[in-house]
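Peer 1: Take a look at entry-v8.txt, compact mmCIF, C-alpha atoms:
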```txt
# COMPACT_ATOMS: atom_id res chain seq x y z
CA MET A 533 -3.10 12.90 -9.91
CA GLY A 534 -1.24 11.85 -6.76
CA LYS A 535 -4.40 11.65 -4.67
CA ARG A 536 -6.08 9.36 -7.19
CA ILE A 537 -3.13 6.96 -7.27
CA LEU A 538 -2.92 6.87 -3.46
CA ASN A 539 -6.68 6.33 -3.22
CA GLU A 540 -6.51 3.40 -5.64
CA ALA A 541 -3.59 1.87 -3.74
CA LEU A 542 -5.37 2.10 -0.39
CA SER A 543 -8.56 0.68 -1.93
CA LYS A 544 -6.64 -2.32 -3.25
CA ILE A 545 -5.14 -2.92 0.21
CA VAL A 546 -8.54 -2.67 1.93
CA ASN A 547 -10.18 -4.98 -0.61
CA ALA A 548 -7.40 -7.56 -0.24
CA GLU A 549 -7.78 -7.48 3.55
CA ARG A 550 -11.55 -7.91 3.33
CA ARG A 551 -11.13 -10.90 1.02
CA GLY A 552 -8.59 -12.47 3.35
CA LYS A 553 -5.68 -12.38 0.93
CA ALA A 554 -2.11 -12.40 2.23
CA THR A 555 -0.71 -9.93 -0.33
CA ALA A 556 -1.83 -7.00 -2.46
CA GLN A 557 -0.21 -5.98 -5.77
CA LEU A 558 -0.15 -2.23 -6.38
CA GLN A 559 0.33 -0.63 -9.80
CA PRO A 560 1.13 2.09 -10.87
CA VAL A 561 3.68 3.03 -8.24
CA SER A 562 5.28 6.25 -7.14
CA ASN A 563 7.79 7.35 -4.51
CA MET A 564 4.92 8.90 -2.54
CA ILE A 565 3.06 5.59 -2.28
CA ALA A 566 6.22 3.72 -1.28
CA SER A 567 7.07 6.23 1.44
CA PHE A 568 3.47 6.35 2.72
CA LEU A 569 3.35 2.57 3.00
CA GLN A 570 6.71 2.58 4.79
CA VAL A 571 5.27 5.01 7.36
CA MET A 572 2.20 2.78 7.78
CA LYS A 573 4.48 -0.22 8.30
CA ASN A 574 6.70 1.52 10.86
CA ARG A 575 4.12 3.46 12.87
CA GLY A 576 1.03 1.35 12.46
CA PRO A 577 -2.45 2.34 11.32
CA ASP A 578 -3.42 4.19 14.50
CA ALA A 579 -0.67 6.78 14.04
CA ILE A 580 -2.38 8.21 10.96
CA ASN A 581 -6.03 7.61 11.96
CA LEU A 582 -6.85 4.83 9.53
CA LYS A 583 -9.30 2.68 11.43
CA GLY A 584 -9.90 -0.80 10.10
CA PHE A 585 -6.39 -1.26 8.69
CA TYR A 586 -4.38 -4.15 9.94
CA CYS A 587 -0.62 -4.30 10.22
CA ILE A 588 1.49 -4.25 7.09
CA LYS A 589 4.15 -6.92 7.53
CA ASP A 590 6.38 -6.21 4.54
CA ILE A 591 6.66 -4.02 1.47
CA GLN A 592 8.62 -4.98 -1.64
CA VAL A 593 9.15 -2.42 -4.39
CA SER A 594 10.29 -3.89 -7.68
CA ASP A 595 11.48 -2.09 -10.80
CA MET A 596 10.66 1.48 -9.72
CA GLN A 597 12.40 2.98 -12.78
CA ARG A 598 9.97 1.41 -15.23
CA VAL A 599 6.28 0.71 -14.65
CA GLY A 600 7.07 -1.05 -11.39
CA LYS A 601 4.91 -2.69 -8.77
CA ILE A 602 4.68 -2.83 -5.01
CA THR A 603 3.85 -6.05 -3.21
CA VAL A 604 2.33 -5.47 0.21
CA GLU A 605 2.27 -8.40 2.61
CA LEU A 606 -0.69 -8.13 4.97
```
Could I get this structure in the form of structure tokens?
Peer 2:
Amino acid sequence: MGKRILNEALSKIVNAERRGKATAQLQPVSNMIASFLQVMKNRGPDAINLKGFYCIKDIQVSDMQRVGKITVEL
């Protein structure tokens, strides 16, 4: 289940970048997705071999205890 959620999150980020949007809304959220995006923000896309990704400027996690959402600023 974790791989599917991470795959959907990365797909939403890639699609938002291709469309030229400034932010991407991710739902459902998990601690794994939040920590993975934090690593991408700190180290950059080249550190984990994700070609084609641009820099993630900011990540905002809201209401993690309930359904929650993550806003990724591209």
Peer 1: Do you have the atom CA of A:Ser543-atom CA of A:Val599 distance handy?
Peer 2: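 Between these atoms lies a distance of 19.5 Å.
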Peer 1: Could you check how far atom CA of A:Ile591 sits from atom CA of A:Ala554, in Å to one decimal?
Peer 2: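 Atom CA of A:Ile591 sits 12.2 Å away from atom CA of A:Ala554.
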Peer 1: Can you measure atom CA of A:Asn563 to atom CA of A:Arg551 for me? One decimal in Å is fine.
Peer 2: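 Separation of atom CA of A:Asn563 and atom CA of A:Arg551: 26.9 Å.
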Peer 1: Residues at most 8 Å from A:Val561, counting only C-alpha atoms, excluding those fewer than 6 positions away in the same chain, as a PyMOL selection string?
Peer 2: chain A and resi 537+596+599-602
Peer 1: Restricting the calculation to all atoms listed in the file: of A:Val604, A:Leu538, A:Gln597, A:Gly576, which residue gets closest to A:Met564?
Peer 2: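 Closest to A:Met564, using all atoms listed in the file: A:Leu538.
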Peer 1: For a quick check of understanding, using all atoms listed in the file, which of A:Lys589, A:Arg550, A:Arg536, A:Lys544 has the smallest distance to A:Gln570?
Peer 2: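 Among the listed residues, the smallest separation from A:Gln570 belongs to A:Lys589.
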Peer 1: Given all atoms listed in the file as the basis, pick out the residue of A:Ser562, A:Asn547, A:Asn539, A:Asn574 nearest to A:Asp595.
Peer 2: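 Using all atoms listed in the file, A:Asp595 sits closest to A:Ser562.
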Peer 1: Using all atoms listed in the file, pick whichever of A:Leu606, A:Val593, A:Glu540, A:Gly552 has the shortest atom-to-atom distance to A:Ala566.
Peer 2: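 Among the listed residues, the smallest separation from A:Ala566 belongs to A:Val593.
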Peer 1: Could you check the closest approach to A:Val571 for each of A:Leu558, A:Ala548, A:Lys553, A:Cys587 and tell me which residue wins, using only C-alpha atoms?
Peer 2: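 For A:Val571, the nearest of the candidates is A:Cys587.
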Peer 1: Using all atoms of stretch 560-577 of chain A listed in the file and a margin of 4 Å per side, can you give the axis-aligned box centre and edge lengths in Å to one decimal, as AutoDock Vina command-line options?
Peer 2:
```
--center_x 2.7 --center_y 4.3 --center_z 1.0 --size_x 18.2 --size_y 17.1 --size_z 31.7
```
